[in-house]
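As provided, protein_16.txt (compact mmCIF, C-alpha atoms (C1' of nucleotides)) reads as follows.
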# COMPACT_ATOMS: atom_id res chain seq x y z
CA MET T 1 6.19 8.08 7.49
CA LYS T 2 7.63 9.65 10.58
CA ALA T 3 9.74 7.14 12.52
CA PRO T 4 13.29 6.31 11.44
CA GLU T 5 12.66 5.54 7.81
CA ILE T 6 15.31 3.21 6.50
CA THR T 7 15.38 2.65 2.80
CA GLU T 8 16.09 -0.55 0.98
CA ALA T 9 19.70 0.29 0.32
CA GLU T 10 20.27 1.65 3.79
CA TRP T 11 18.85 -1.50 5.27
CA ARG T 12 21.69 -3.46 3.72
CA ILE T 13 24.14 -1.31 5.58
CA MET T 14 22.30 -1.67 8.83
CA THR T 15 22.23 -5.41 8.47
CA VAL T 16 25.98 -5.46 8.47
CA LEU T 17 26.24 -3.22 11.47
CA TRP T 18 23.61 -4.99 13.48
CA GLU T 19 25.62 -8.10 13.10
CA LYS T 20 28.79 -6.52 14.34
CA ALA T 21 29.67 -3.00 15.35
CA PRO T 22 31.43 -0.71 15.43
CA LEU T 23 32.98 -1.10 12.02
CA THR T 24 34.94 1.31 9.92
CA ALA T 25 33.71 2.41 6.55
CA ASN T 26 36.16 0.16 4.82
CA GLN T 27 35.17 -2.84 6.80
CA ILE T 28 31.60 -2.25 5.84
CA ILE T 29 32.55 -1.72 2.24
CA GLY T 30 34.49 -4.95 2.37
CA LYS T 31 31.48 -6.85 3.56
CA LEU T 32 28.96 -5.30 1.25
CA GLN T 33 30.72 -4.91 -2.04
CA PRO T 34 30.80 -8.59 -2.92
CA ASP T 35 27.03 -8.86 -2.62
CA THR T 36 25.95 -5.49 -3.84
CA GLY T 37 28.63 -4.42 -6.24
CA TRP T 38 28.18 -0.85 -5.00
CA ALA T 39 30.99 1.63 -5.44
CA ALA T 40 32.80 2.45 -2.23
CA THR T 41 31.58 6.01 -2.41
CA THR T 42 28.03 4.82 -2.70
CA ILE T 43 28.37 2.94 0.54
CA ARG T 44 29.94 5.96 2.12
CA THR T 45 27.07 8.11 0.99
CA LEU T 46 24.64 5.74 2.60
CA LEU T 47 26.66 5.75 5.78
CA ASP T 48 26.56 9.52 5.78
CA ARG T 49 22.85 9.64 5.27
CA LEU T 50 22.25 7.17 8.04
CA THR T 51 24.46 9.19 10.30
CA LYS T 52 22.66 12.38 9.41
CA LYS T 53 19.40 10.67 10.20
CA LYS T 54 20.74 9.69 13.61
CA ILE T 55 20.38 6.04 12.83
CA LEU T 56 24.11 5.57 13.00
CA LYS T 57 26.72 7.17 15.15
CA ALA T 58 30.09 7.90 13.63
CA ALA T 59 32.94 8.09 16.09
CA LYS T 60 36.63 8.39 15.53
CA LEU T 61 38.31 5.29 16.79
CA ASP T 62 42.09 5.13 16.45
CA GLY T 63 42.01 7.91 13.91
CA LEU T 64 39.50 6.06 11.77
CA VAL T 65 35.80 6.70 11.72
CA ALA T 66 33.76 3.77 12.91
CA PHE T 67 30.04 3.46 12.69
CA GLN T 68 27.57 1.87 14.99
CA PRO T 69 23.79 1.68 15.19
CA LEU T 70 21.83 3.95 17.45
CA ILE T 71 18.77 1.84 17.01
CA THR T 72 18.46 -1.85 17.56
CA LYS T 73 17.46 -4.21 14.89
CA GLU T 74 14.46 -5.21 16.97
CA GLU T 75 13.15 -1.68 17.02
CA CYS T 76 13.48 -1.36 13.30
CA VAL T 77 12.01 -4.73 12.60
CA SER T 78 9.06 -3.87 14.79
CA HIS T 79 8.59 -0.59 13.09
CA GLU T 80 8.78 -2.00 9.63
CA SER T 81 6.52 -4.83 10.60
CA GLU T 82 3.91 -2.49 11.92
CA ASN T 83 4.10 -0.50 8.71
CA PHE T 84 3.75 -3.57 6.62
CA LEU T 85 0.86 -4.86 8.64
CA GLN T 86 -1.02 -1.60 8.21
CA ARG T 87 -0.15 -1.08 4.63
CA ILE T 88 -0.72 -4.51 3.18
CA PHE T 89 -3.05 -6.21 5.59
CA ASP T 90 -4.89 -3.14 6.71
CA GLY T 91 -3.79 -3.73 10.24
CA ALA T 92 -5.28 -7.17 10.56
CA ALA T 93 -2.70 -9.47 12.05
CA GLN T 94 -4.54 -12.70 11.73
CA PRO T 95 -4.88 -12.64 7.95
CA LEU T 96 -1.21 -11.83 7.79
CA LEU T 97 -0.37 -14.79 9.94
CA LEU T 98 -2.63 -16.97 7.90
CA HIS T 99 -0.97 -15.84 4.73
CA PHE T 100 2.53 -16.54 5.86
CA THR T 101 1.64 -19.70 7.65
CA LYS T 102 0.14 -21.11 4.52
CA LYS T 103 3.02 -20.08 2.30
CA ALA T 104 5.93 -20.89 4.54
CA LYS T 105 7.82 -24.09 4.57
CA LEU T 106 8.30 -24.90 8.20
CA THR T 107 10.11 -27.70 9.93
CA THR T 108 8.32 -29.79 12.50
CA GLU T 109 10.33 -28.06 15.16
CA GLU T 110 9.32 -24.62 13.99
CA ILE T 111 5.69 -25.61 13.85
CA LYS T 112 5.91 -26.93 17.39
CA GLU T 113 7.28 -23.66 18.61
CA LEU T 114 4.58 -21.65 16.95
CA GLN T 115 1.96 -23.91 18.39
CA ARG T 116 3.44 -23.43 21.80
CA ILE T 117 3.26 -19.66 21.51
CA LEU T 118 -0.27 -19.81 20.23
CA LYS T 119 -1.39 -22.03 23.03
CA GLU T 120 0.25 -19.64 25.43
CA LYS T 121 -1.72 -16.76 23.93
CA GLY T 122 -4.92 -18.71 23.97
CA LYS T 123 -4.83 -19.30 27.70
CA MET V 1 12.66 -4.37 -7.64
CA LYS V 2 11.31 -5.79 -10.83
CA ALA V 3 7.71 -6.89 -10.37
CA PRO V 4 4.82 -4.43 -10.33
CA GLU V 5 6.05 -1.96 -7.77
CA ILE V 6 3.15 -0.22 -6.13
CA THR V 7 3.97 2.70 -3.93
CA GLU V 8 2.33 3.68 -0.71
CA ALA V 9 0.04 6.25 -2.29
CA GLU V 10 -0.77 4.04 -5.22
CA TRP V 11 -1.72 1.26 -2.89
CA ARG V 12 -4.51 3.39 -1.52
CA ILE V 13 -5.95 3.66 -4.96
CA MET V 14 -5.66 -0.03 -5.58
CA THR V 15 -7.42 -0.79 -2.35
CA VAL V 16 -10.47 1.03 -3.58
CA LEU V 17 -10.45 -0.69 -6.93
CA TRP V 18 -9.85 -4.12 -5.53
CA GLU V 19 -12.95 -3.68 -3.51
CA LYS V 20 -15.07 -2.71 -6.45
CA ALA V 21 -14.28 -2.14 -10.10
CA PRO V 22 -14.54 -0.69 -12.59
CA LEU V 23 -14.94 2.76 -11.19
CA THR V 24 -14.64 6.14 -12.81
CA ALA V 25 -12.04 8.62 -11.70
CA ASN V 26 -14.64 10.64 -9.88
CA GLN V 27 -15.99 7.67 -8.04
CA ILE V 28 -12.53 6.87 -6.85
CA ILE V 29 -11.91 10.43 -5.89
CA GLY V 30 -15.15 10.42 -3.97
CA LYS V 31 -14.07 7.41 -1.99
CA LEU V 32 -10.55 8.51 -1.30
CA GLN V 33 -10.75 12.18 -0.64
CA PRO V 34 -12.44 11.94 2.75
CA ASP V 35 -9.64 9.76 4.10
CA THR V 36 -6.65 11.16 2.29
CA GLY V 37 -7.53 14.76 1.63
CA TRP V 38 -5.72 14.48 -1.68
CA ALA V 39 -6.55 16.91 -4.44
CA ALA V 40 -8.59 15.40 -7.23
CA THR V 41 -5.74 15.93 -9.64
CA THR V 42 -3.42 14.08 -7.34
CA ILE V 43 -5.63 11.06 -7.48
CA ARG V 44 -5.83 11.36 -11.21
CA THR V 45 -2.08 11.47 -11.46
CA LEU V 46 -1.87 8.30 -9.45
CA LEU V 47 -4.44 6.67 -11.67
CA ASP V 48 -2.44 7.66 -14.70
CA ARG V 49 0.75 6.28 -13.30
CA LEU V 50 -0.87 3.02 -12.41
CA THR V 51 -2.32 2.81 -15.88
CA LYS V 52 1.01 3.54 -17.45
CA LYS V 53 2.54 0.81 -15.32
CA LYS V 54 -0.11 -1.61 -16.59
CA ILE V 55 -1.44 -2.16 -13.14
CA LEU V 56 -4.73 -0.60 -14.09
CA LYS V 57 -6.66 -0.62 -17.27
CA ALA V 58 -8.52 2.52 -18.30
CA ALA V 59 -11.45 1.98 -20.59
CA LYS V 60 -14.06 4.37 -21.81
CA LEU V 61 -17.42 3.33 -20.47
CA ASP V 62 -20.40 5.47 -21.48
CA GLY V 63 -18.14 8.29 -22.45
CA LEU V 64 -16.41 8.24 -19.08
CA VAL V 65 -13.13 6.61 -18.33
CA ALA V 66 -13.35 3.80 -15.84
CA PHE V 67 -10.44 2.03 -14.22
CA GLN V 68 -10.00 -1.53 -13.19
CA PRO V 69 -7.15 -3.61 -11.84
CA LEU V 70 -5.12 -5.83 -14.08
CA ILE V 71 -3.60 -7.56 -11.10
CA THR V 72 -5.40 -9.17 -8.24
CA LYS V 73 -4.97 -8.10 -4.70
CA GLU V 74 -3.74 -11.57 -3.84
CA GLU V 75 -0.91 -11.33 -6.34
CA CYS V 76 0.16 -8.00 -4.97
CA VAL V 77 -0.15 -9.05 -1.38
CA SER V 78 1.94 -12.10 -2.13
CA HIS V 79 4.53 -10.06 -3.87
CA GLU V 80 4.79 -7.46 -1.15
CA SER V 81 4.84 -10.15 1.47
CA GLU V 82 7.66 -11.93 -0.22
CA ASN V 83 9.58 -8.67 -0.45
CA PHE V 84 8.99 -7.92 3.16
CA LEU V 85 9.99 -11.38 4.24
CA GLN V 86 13.27 -11.12 2.36
CA ARG V 87 14.01 -7.58 3.30
CA ILE V 88 13.22 -7.56 6.97
CA PHE V 89 13.46 -11.16 8.02
CA ASP V 90 16.08 -12.22 5.58
CA GLY V 91 13.74 -14.75 4.08
CA ALA V 92 13.10 -16.64 7.28
CA ALA V 93 9.39 -17.19 7.65
CA GLN V 94 9.37 -18.68 11.08
CA PRO V 95 10.91 -15.70 12.85
CA LEU V 96 8.43 -13.52 11.05
CA LEU V 97 5.57 -15.65 12.24
CA LEU V 98 6.94 -15.67 15.72
CA HIS V 99 7.24 -11.93 15.71
CA PHE V 100 3.71 -11.28 14.60
CA THR V 101 2.23 -14.01 16.69
CA LYS V 102 3.77 -12.54 19.77
CA LYS V 103 2.71 -9.00 19.00
CA ALA V 104 -0.76 -9.60 17.69
CA LYS V 105 -3.89 -9.50 19.70
CA LEU V 106 -5.88 -12.46 18.54
CA THR V 107 -9.30 -13.71 19.45
CA THR V 108 -9.75 -17.26 20.59
CA GLU V 109 -11.37 -17.99 17.29
CA GLU V 110 -8.45 -16.65 15.33
CA ILE V 111 -6.01 -18.62 17.40
CA LYS V 112 -7.99 -21.76 16.80
CA GLU V 113 -7.87 -21.24 13.08
CA LEU V 114 -4.14 -20.70 13.09
CA GLN V 115 -3.66 -23.79 15.15
CA ARG V 116 -5.71 -25.75 12.71
CA ILE V 117 -3.59 -24.62 9.79
CA LEU V 118 -0.43 -25.37 11.67
CA LYS V 119 -1.57 -28.84 12.60
CA GLU V 120 -2.46 -29.36 8.98
CA LYS V 121 1.04 -28.39 7.92
CA GLY V 122 2.62 -30.53 10.56
CA LYS V 123 1.01 -33.72 9.42
C1' DA W 1 -22.38 28.66 -32.92
C1' DT W 2 -21.04 30.45 -28.06
C1' DT W 3 -20.30 29.66 -23.51
C1' DA W 4 -19.86 27.35 -19.20
C1' DG W 5 -18.93 23.35 -16.82
C1' DT W 6 -16.68 18.96 -16.45
C1' DC W 7 -13.30 15.45 -17.69
C1' DA W 8 -9.05 14.11 -19.07
C1' DA W 9 -4.25 14.89 -20.35
C1' DC W 10 -0.09 17.24 -19.75
C1' DT W 11 3.22 19.80 -17.13
C1' DA W 12 5.49 21.11 -12.72
C1' DC W 13 8.17 20.82 -8.87
C1' DA W 14 10.26 19.59 -4.39
C1' DA W 15 11.94 15.78 -1.64
C1' DA W 16 13.76 11.20 -1.35
C1' DT W 17 16.54 7.55 -3.28
C1' DG W 18 20.07 5.13 -5.81
C1' DT W 19 24.28 5.81 -7.51
C1' DA W 20 28.79 7.77 -7.75
C1' DG W 21 32.59 11.18 -9.07
C1' DA W 22 35.46 15.32 -7.36
C1' DA W 23 37.75 17.74 -3.88
C1' DT W 24 39.91 17.99 0.29
C1' DA W 25 42.20 16.55 4.43
C1' DC W 26 45.30 13.61 7.04
C1' DG W 27 48.85 10.48 8.18
C1' DT W 28 53.08 8.28 6.61
C1' DT W 29 57.37 8.04 4.14
C1' DC W 30 61.54 9.77 2.19
C1' DG Y 1 58.27 19.50 4.93
C1' DA Y 2 57.04 17.67 0.13
C1' DA Y 3 54.69 14.06 -1.97
C1' DC Y 4 51.78 10.14 -1.97
C1' DG Y 5 48.14 7.32 -0.82
C1' DT Y 6 44.15 6.66 1.70
C1' DA Y 7 40.13 8.52 4.36
C1' DT Y 8 36.44 11.77 4.62
C1' DT Y 9 33.44 15.12 2.95
C1' DC Y 10 30.99 17.56 -0.87
C1' DT Y 11 28.75 17.83 -4.85
C1' DA Y 12 26.16 15.76 -8.71
C1' DC Y 13 22.69 13.79 -11.24
C1' DA Y 14 18.93 10.73 -12.90
C1' DT Y 15 14.74 8.49 -11.25
C1' DT Y 16 10.88 7.86 -8.36
C1' DT Y 17 7.36 9.57 -5.40
C1' DG Y 18 4.12 12.75 -3.38
C1' DT Y 19 1.55 16.41 -4.52
C1' DA Y 20 -0.94 19.43 -7.50
C1' DG Y 21 -1.76 23.26 -11.02
C1' DT Y 22 -2.69 24.39 -16.14
C1' DT Y 23 -4.46 23.43 -20.43
C1' DG Y 24 -7.10 21.43 -23.75
C1' DA Y 25 -11.21 18.55 -25.13
C1' DC Y 26 -16.00 17.46 -24.86
C1' DT Y 27 -20.80 18.11 -23.71
C1' DA Y 28 -24.85 20.31 -22.60
C1' DA Y 29 -27.44 24.51 -22.23
C1' DT Y 30 -28.44 29.02 -24.27

Represent the supplied structure as structure tokens.
Amino acid sequence: MKAPEITEAEWRIMTVLWEKAPLTANQIIGKLQPDTGWAATTIRTLLDRLTKKKILKAAKLDGLVAFQPLITKEECVSHESENFLQRIFDGAAQPLLLHFTKKAKLTTEEIKELQRILKEKGK
Amino acid sequence: MKAPEITEAEWRIMTVLWEKAPLTANQIIGKLQPDTGWAATTIRTLLDRLTKKKILKAAKLDGLVAFQPLITKEECVSHESENFLQRIFDGAAQPLLLHFTKKAKLTTEEIKELQRILKEKGK
DNA sequence: ATTAGTCAACTACAAATGTAGAATACGTTC
DNA sequence: GAACGTATTCTACATTTGTAGTTGACTAAT
């Protein structure tokens, strides 16, 4: 619990901004409200918190405040993944892979790609 | 956020009990304190909460209260995994697998096993 | 029965999180 | 420049989580 901790709700915000940024508060609200039903002020609160945590940068753009990520999605995904791996699989990657491989529905293409990567690693 | 939500700290407790149960509070404390440094009462609080949430069952055994899981580790791992998959990888298993496959250090043996499972799925 | 240890139950409290209203500031219009 | 409508910032509040102390109950020894 030290790196940029992004909560469930905050993650929703980030998702929007990782897809496209910068965006103004209202643009973000526009994108999120349909799915989440959150009040506009709720979304603003989350934006504020993320900004305070230095996960977002808020910059005035044409008089309006626009937000944009200071951290890439990849970084966050990696971080969360590492957390998850430790927490749920006690750090053991292979059991994790086994678990998801068994459960996932994968297309032939996707399987091929995974096999390729594995072969690569095996060399 | 509906199924048995087990927090970080609670998970530590569960880990102990999934390994061996039933155990008395003091046995659990004995196992956890070295690693966590938590006060005994802290561990008891966690045990209580888990019991209240119906994740543990507390039963008097020889005058002492012993705890045991009402949910298997597999169920919880599955649940958390599903959550994680949705939350971080937007439900897409293959990218998740790719991510972990790339990052993980795997032994030749482990790779072989994964390849076997993949081949199985591909058929 | 009285006391001294345990064990178990209850209470406490700060920080984080989800959720949002209230107040204020700013730009635009008459 | 007064008023209005948005935009931005503050404040609020219940719940959950981490963390633990206090109290009461029970048992064994005196």

Quick one: which segment 7-26 of chain Y residues come within 8 Å of segment 7-21 of chain W, and what is the nearest atom pair for each with the distance in Å to one decimal, counting only C-alpha atoms (C1' of nucleotides), rows ordered by chain and ascending number, as JSON lines?
{"residue": "Y:DA12", "atom": "C1'", "partner": "W:DG21", "partner_atom": "C1'", "distance": 7.9}
{"residue": "Y:DT16", "atom": "C1'", "partner": "W:DT17", "partner_atom": "C1'", "distance": 7.6}
{"residue": "Y:DT17", "atom": "C1'", "partner": "W:DA16", "partner_atom": "C1'", "distance": 7.7}
{"residue": "Y:DG21", "atom": "C1'", "partner": "W:DA12", "partner_atom": "C1'", "distance": 7.8}
{"residue": "Y:DT22", "atom": "C1'", "partner": "W:DT11", "partner_atom": "C1'", "distance": 7.5}
{"residue": "Y:DT23", "atom": "C1'", "partner": "W:DC10", "partner_atom": "C1'", "distance": 7.6}
{"residue": "Y:DG24", "atom": "C1'", "partner": "W:DA9", "partner_atom": "C1'", "distance": 7.9}
{"residue": "Y:DA25", "atom": "C1'", "partner": "W:DA8", "partner_atom": "C1'", "distance": 7.8}
{"residue": "Y:DC26", "atom": "C1'", "partner": "W:DC7", "partner_atom": "C1'", "distance": 7.9}

After a least-squares superposition on chain V using every in-order C-alpha pair, I'd like chain T written out as an mmCIF file with C-alpha atoms, in the frame of the given file.
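Everything below was put into selection_18.cif:
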data_model
loop_
_atom_site.group_PDB
_atom_site.id
_atom_site.type_symbol
_atom_site.label_atom_id
_atom_site.label_comp_id
_atom_site.auth_asym_id
_atom_site.auth_seq_id
_atom_site.Cartn_x
_atom_site.Cartn_y
_atom_site.Cartn_z
ATOM 1 C CA MET T 1 12.616 -4.281 -7.569
ATOM 2 C CA LYS T 2 11.274 -5.708 -10.770
ATOM 3 C CA ALA T 3 7.695 -6.934 -10.314
ATOM 4 C CA PRO T 4 4.772 -4.503 -10.319
ATOM 5 C CA GLU T 5 6.041 -2.016 -7.795
ATOM 6 C CA ILE T 6 3.153 -0.238 -6.162
ATOM 7 C CA THR T 7 3.990 2.710 -4.012
ATOM 8 C CA GLU T 8 2.380 3.718 -0.779
ATOM 9 C CA ALA T 9 0.119 6.275 -2.370
ATOM 10 C CA GLU T 10 -0.752 4.047 -5.284
ATOM 11 C CA TRP T 11 -1.678 1.284 -2.910
ATOM 12 C CA ARG T 12 -4.454 3.453 -1.532
ATOM 13 C CA ILE T 13 -5.922 3.697 -4.978
ATOM 14 C CA MET T 14 -5.661 0.002 -5.572
ATOM 15 C CA THR T 15 -7.383 -0.727 -2.312
ATOM 16 C CA VAL T 16 -10.416 1.117 -3.525
ATOM 17 C CA LEU T 17 -10.444 -0.642 -6.840
ATOM 18 C CA TRP T 18 -9.869 -4.077 -5.439
ATOM 19 C CA GLU T 19 -12.934 -3.592 -3.383
ATOM 20 C CA LYS T 20 -15.071 -2.629 -6.313
ATOM 21 C CA ALA T 21 -14.316 -2.095 -9.965
ATOM 22 C CA PRO T 22 -14.594 -0.683 -12.470
ATOM 23 C CA LEU T 23 -14.951 2.802 -11.088
ATOM 24 C CA THR T 24 -14.636 6.150 -12.749
ATOM 25 C CA ALA T 25 -12.022 8.620 -11.679
ATOM 26 C CA ASN T 26 -14.575 10.668 -9.850
ATOM 27 C CA GLN T 27 -15.929 7.744 -7.974
ATOM 28 C CA ILE T 28 -12.462 6.927 -6.820
ATOM 29 C CA ILE T 29 -11.812 10.516 -5.905
ATOM 30 C CA GLY T 30 -15.043 10.513 -3.963
ATOM 31 C CA LYS T 31 -13.969 7.534 -1.949
ATOM 32 C CA LEU T 32 -10.430 8.608 -1.308
ATOM 33 C CA GLN T 33 -10.598 12.305 -0.693
ATOM 34 C CA PRO T 34 -12.245 12.097 2.709
ATOM 35 C CA ASP T 35 -9.454 9.910 4.052
ATOM 36 C CA THR T 36 -6.495 11.278 2.212
ATOM 37 C CA GLY T 37 -7.340 14.875 1.549
ATOM 38 C CA TRP T 38 -5.567 14.573 -1.805
ATOM 39 C CA ALA T 39 -6.426 16.986 -4.576
ATOM 40 C CA ALA T 40 -8.482 15.444 -7.341
ATOM 41 C CA THR T 41 -5.645 15.933 -9.772
ATOM 42 C CA THR T 42 -3.309 14.099 -7.474
ATOM 43 C CA ILE T 43 -5.562 11.089 -7.545
ATOM 44 C CA ARG T 44 -5.795 11.360 -11.281
ATOM 45 C CA THR T 45 -2.047 11.444 -11.563
ATOM 46 C CA LEU T 46 -1.809 8.280 -9.551
ATOM 47 C CA LEU T 47 -4.434 6.652 -11.707
ATOM 48 C CA ASP T 48 -2.447 7.602 -14.768
ATOM 49 C CA ARG T 49 0.751 6.219 -13.390
ATOM 50 C CA LEU T 50 -0.898 2.975 -12.445
ATOM 51 C CA THR T 51 -2.366 2.735 -15.889
ATOM 52 C CA LYS T 52 0.974 3.426 -17.493
ATOM 53 C CA LYS T 53 2.472 0.705 -15.366
ATOM 54 C CA LYS T 54 -0.182 -1.712 -16.589
ATOM 55 C CA ILE T 55 -1.492 -2.213 -13.112
ATOM 56 C CA LEU T 56 -4.775 -0.632 -14.051
ATOM 57 C CA LYS T 57 -6.742 -0.694 -17.233
ATOM 58 C CA ALA T 58 -8.592 2.426 -18.255
ATOM 59 C CA ALA T 59 -11.563 1.853 -20.503
ATOM 60 C CA LYS T 60 -14.192 4.223 -21.723
ATOM 61 C CA LEU T 61 -17.508 3.190 -20.324
ATOM 62 C CA ASP T 62 -20.512 5.301 -21.299
ATOM 63 C CA GLY T 63 -18.234 8.100 -22.378
ATOM 64 C CA LEU T 64 -16.477 8.137 -19.029
ATOM 65 C CA VAL T 65 -13.170 6.516 -18.294
ATOM 66 C CA ALA T 66 -13.395 3.744 -15.758
ATOM 67 C CA PHE T 67 -10.499 2.002 -14.158
ATOM 68 C CA GLN T 68 -10.054 -1.546 -13.093
ATOM 69 C CA PRO T 69 -7.182 -3.634 -11.766
ATOM 70 C CA LEU T 70 -5.180 -5.872 -14.021
ATOM 71 C CA ILE T 71 -3.654 -7.583 -11.062
ATOM 72 C CA THR T 72 -5.447 -9.170 -8.185
ATOM 73 C CA LYS T 73 -4.991 -8.082 -4.677
ATOM 74 C CA GLU T 74 -3.752 -11.554 -3.816
ATOM 75 C CA GLU T 75 -0.932 -11.307 -6.299
ATOM 76 C CA CYS T 76 0.148 -7.982 -4.949
ATOM 77 C CA VAL T 77 -0.156 -9.024 -1.367
ATOM 78 C CA SER T 78 1.949 -12.069 -2.101
ATOM 79 C CA HIS T 79 4.525 -10.025 -3.849
ATOM 80 C CA GLU T 80 4.759 -7.442 -1.152
ATOM 81 C CA SER T 81 4.831 -10.115 1.477
ATOM 82 C CA GLU T 82 7.689 -11.878 -0.183
ATOM 83 C CA ASN T 83 9.563 -8.601 -0.393
ATOM 84 C CA PHE T 84 8.955 -7.859 3.212
ATOM 85 C CA LEU T 85 9.978 -11.304 4.301
ATOM 86 C CA GLN T 86 13.271 -11.014 2.453
ATOM 87 C CA ARG T 87 13.974 -7.484 3.394
ATOM 88 C CA ILE T 88 13.157 -7.476 7.072
ATOM 89 C CA PHE T 89 13.399 -11.075 8.129
ATOM 90 C CA ASP T 90 16.072 -12.098 5.706
ATOM 91 C CA GLY T 91 13.770 -14.630 4.187
ATOM 92 C CA ALA T 92 13.122 -16.545 7.361
ATOM 93 C CA ALA T 93 9.416 -17.110 7.696
ATOM 94 C CA GLN T 94 9.359 -18.613 11.110
ATOM 95 C CA PRO T 95 10.863 -15.639 12.926
ATOM 96 C CA LEU T 96 8.381 -13.474 11.108
ATOM 97 C CA LEU T 97 5.527 -15.622 12.261
ATOM 98 C CA LEU T 98 6.884 -15.631 15.751
ATOM 99 C CA HIS T 99 7.132 -11.887 15.737
ATOM 100 C CA PHE T 100 3.612 -11.274 14.618
ATOM 101 C CA THR T 101 2.158 -14.034 16.680
ATOM 102 C CA LYS T 102 3.642 -12.561 19.788
ATOM 103 C CA LYS T 103 2.560 -9.025 19.008
ATOM 104 C CA ALA T 104 -0.896 -9.652 17.663
ATOM 105 C CA LYS T 105 -4.040 -9.590 19.644
ATOM 106 C CA LEU T 106 -5.988 -12.570 18.466
ATOM 107 C CA THR T 107 -9.406 -13.848 19.358
ATOM 108 C CA THR T 108 -9.845 -17.415 20.482
ATOM 109 C CA GLU T 109 -11.426 -18.161 17.158
ATOM 110 C CA GLU T 110 -8.504 -16.781 15.214
ATOM 111 C CA ILE T 111 -6.050 -18.725 17.305
ATOM 112 C CA LYS T 112 -8.019 -21.895 16.675
ATOM 113 C CA GLU T 113 -7.851 -21.359 12.968
ATOM 114 C CA LEU T 114 -4.141 -20.789 12.989
ATOM 115 C CA GLN T 115 -3.641 -23.878 15.053
ATOM 116 C CA ARG T 116 -5.669 -25.839 12.585
ATOM 117 C CA ILE T 117 -3.525 -24.688 9.685
ATOM 118 C CA LEU T 118 -0.363 -25.417 11.581
ATOM 119 C CA LYS T 119 -1.478 -28.877 12.481
ATOM 120 C CA GLU T 120 -2.347 -29.416 8.859
ATOM 121 C CA LYS T 121 1.167 -28.387 7.849
ATOM 122 C CA GLY T 122 2.733 -30.522 10.501
ATOM 123 C CA LYS T 123 1.178 -33.720 9.227
#

Among listed residues T:Leu98, T:Leu17, T:Cys76, T:Ala104, nearest Ala58 of chain T (using all atoms listed in the file): T:Leu17

Centre and edge lengths, as JSON, for the axis-aligned box enclosing every listed atom of segment 2-19 of chain W with 6 Å of padding on each of the six sides, in Å to one decimal?
{"center_x": 1.6, "center_y": 17.8, "center_z": -14.7, "size_x": 57.3, "size_y": 37.3, "size_z": 38.7}

Separation of atom CA of Lys103 of chain V from atom CA of Glu5 of chain T in Å: 20.9 Å

What are the closest atom pairs, with distances in Å to one decimal, for each residue of chain Y lying within 8 Å of chain V, using only C-alpha atoms (C1' of nucleotides), rows by chain and rising residue number, as a Markdown table?
| residue | atom | partner | partner_atom | distance |
| --- | --- | --- | --- | --- |
| Y:DT17 | C1' | V:Thr7 | CA | 7.8 |
| Y:DG18 | C1' | V:Ala9 | CA | 7.8 |
| Y:DT19 | C1' | V:Thr42 | CA | 6.2 |
| Y:DA20 | C1' | V:Thr42 | CA | 5.9 |

Given only C-alpha atoms (C1' of nucleotides) as the counted atoms, nearest of V:Met14, V:Leu47, V:Ile71, V:Leu64 to chain W: V:Leu64

Residue list for chain V near chain T as JSON, numbers by chain, 9 Å, only C-alpha atoms: {"V": [8, 11, 12, 76, 77, 78, 80, 81, 84, 87, 88, 89, 92, 93, 94, 96, 97, 98, 99, 100, 101, 102, 103, 104, 105, 106, 107, 108, 110, 111, 112, 113, 114, 115, 117, 118, 119, 121, 122, 123]}

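Atom to atom, atom CA of Ile6 of chain T and atom CA of Ile28 of chain T stand 17.2 Å apart.
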
Can you spit out segment 2-30 of chain W with C-alpha atoms (C1' of nucleotides), as a PDB file, in the first residue's frame, from the structure just given?
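And here's selection_10.pdb as it stands now:
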ATOM      1  C1'  DT W   2     -11.516 -14.801  46.413  1.00  0.00           C
ATOM      2  C1'  DT W   3      -8.218 -13.781  43.254  1.00  0.00           C
ATOM      3  C1'  DA W   4      -5.430 -13.959  39.217  1.00  0.00           C
ATOM      4  C1'  DG W   5      -4.993 -15.167  34.648  1.00  0.00           C
ATOM      5  C1'  DT W   6      -6.941 -15.988  30.184  1.00  0.00           C
ATOM      6  C1'  DC W   7     -10.522 -15.729  26.652  1.00  0.00           C
ATOM      7  C1'  DA W   8     -13.973 -13.526  24.415  1.00  0.00           C
ATOM      8  C1'  DA W   9     -16.964  -9.595  23.468  1.00  0.00           C
ATOM      9  C1'  DC W  10     -17.625  -4.849  23.044  1.00  0.00           C
ATOM     10  C1'  DT W  11     -16.139  -0.216  22.174  1.00  0.00           C
ATOM     11  C1'  DA W  12     -13.038   3.217  19.966  1.00  0.00           C
ATOM     12  C1'  DC W  13     -11.048   5.883  16.648  1.00  0.00           C
ATOM     13  C1'  DA W  14      -8.540   7.668  12.584  1.00  0.00           C
ATOM     14  C1'  DA W  15      -8.066   7.237   7.640  1.00  0.00           C
ATOM     15  C1'  DA W  16      -9.959   5.947   3.265  1.00  0.00           C
ATOM     16  C1'  DT W  17     -13.890   5.522   0.240  1.00  0.00           C
ATOM     17  C1'  DG W  18     -18.300   6.292  -1.915  1.00  0.00           C
ATOM     18  C1'  DT W  19     -21.420   9.614  -2.472  1.00  0.00           C
ATOM     19  C1'  DA W  20     -23.069  14.232  -2.920  1.00  0.00           C
ATOM     20  C1'  DG W  21     -24.888  18.960  -1.438  1.00  0.00           C
ATOM     21  C1'  DA W  22     -23.515  24.002  -0.487  1.00  0.00           C
ATOM     22  C1'  DA W  23     -20.886  27.928  -1.429  1.00  0.00           C
ATOM     23  C1'  DT W  24     -18.243  30.594  -4.262  1.00  0.00           C
ATOM     24  C1'  DA W  25     -16.166  32.340  -8.402  1.00  0.00           C
ATOM     25  C1'  DC W  26     -16.188  33.487 -13.275  1.00  0.00           C
ATOM     26  C1'  DG W  27     -17.709  34.590 -17.765  1.00  0.00           C
ATOM     27  C1'  DT W  28     -21.560  36.225 -20.536  1.00  0.00           C
ATOM     28  C1'  DT W  29     -25.636  38.908 -21.434  1.00  0.00           C
ATOM     29  C1'  DC W  30     -28.645  42.773 -21.063  1.00  0.00           C
TER      30       DC W  30
END
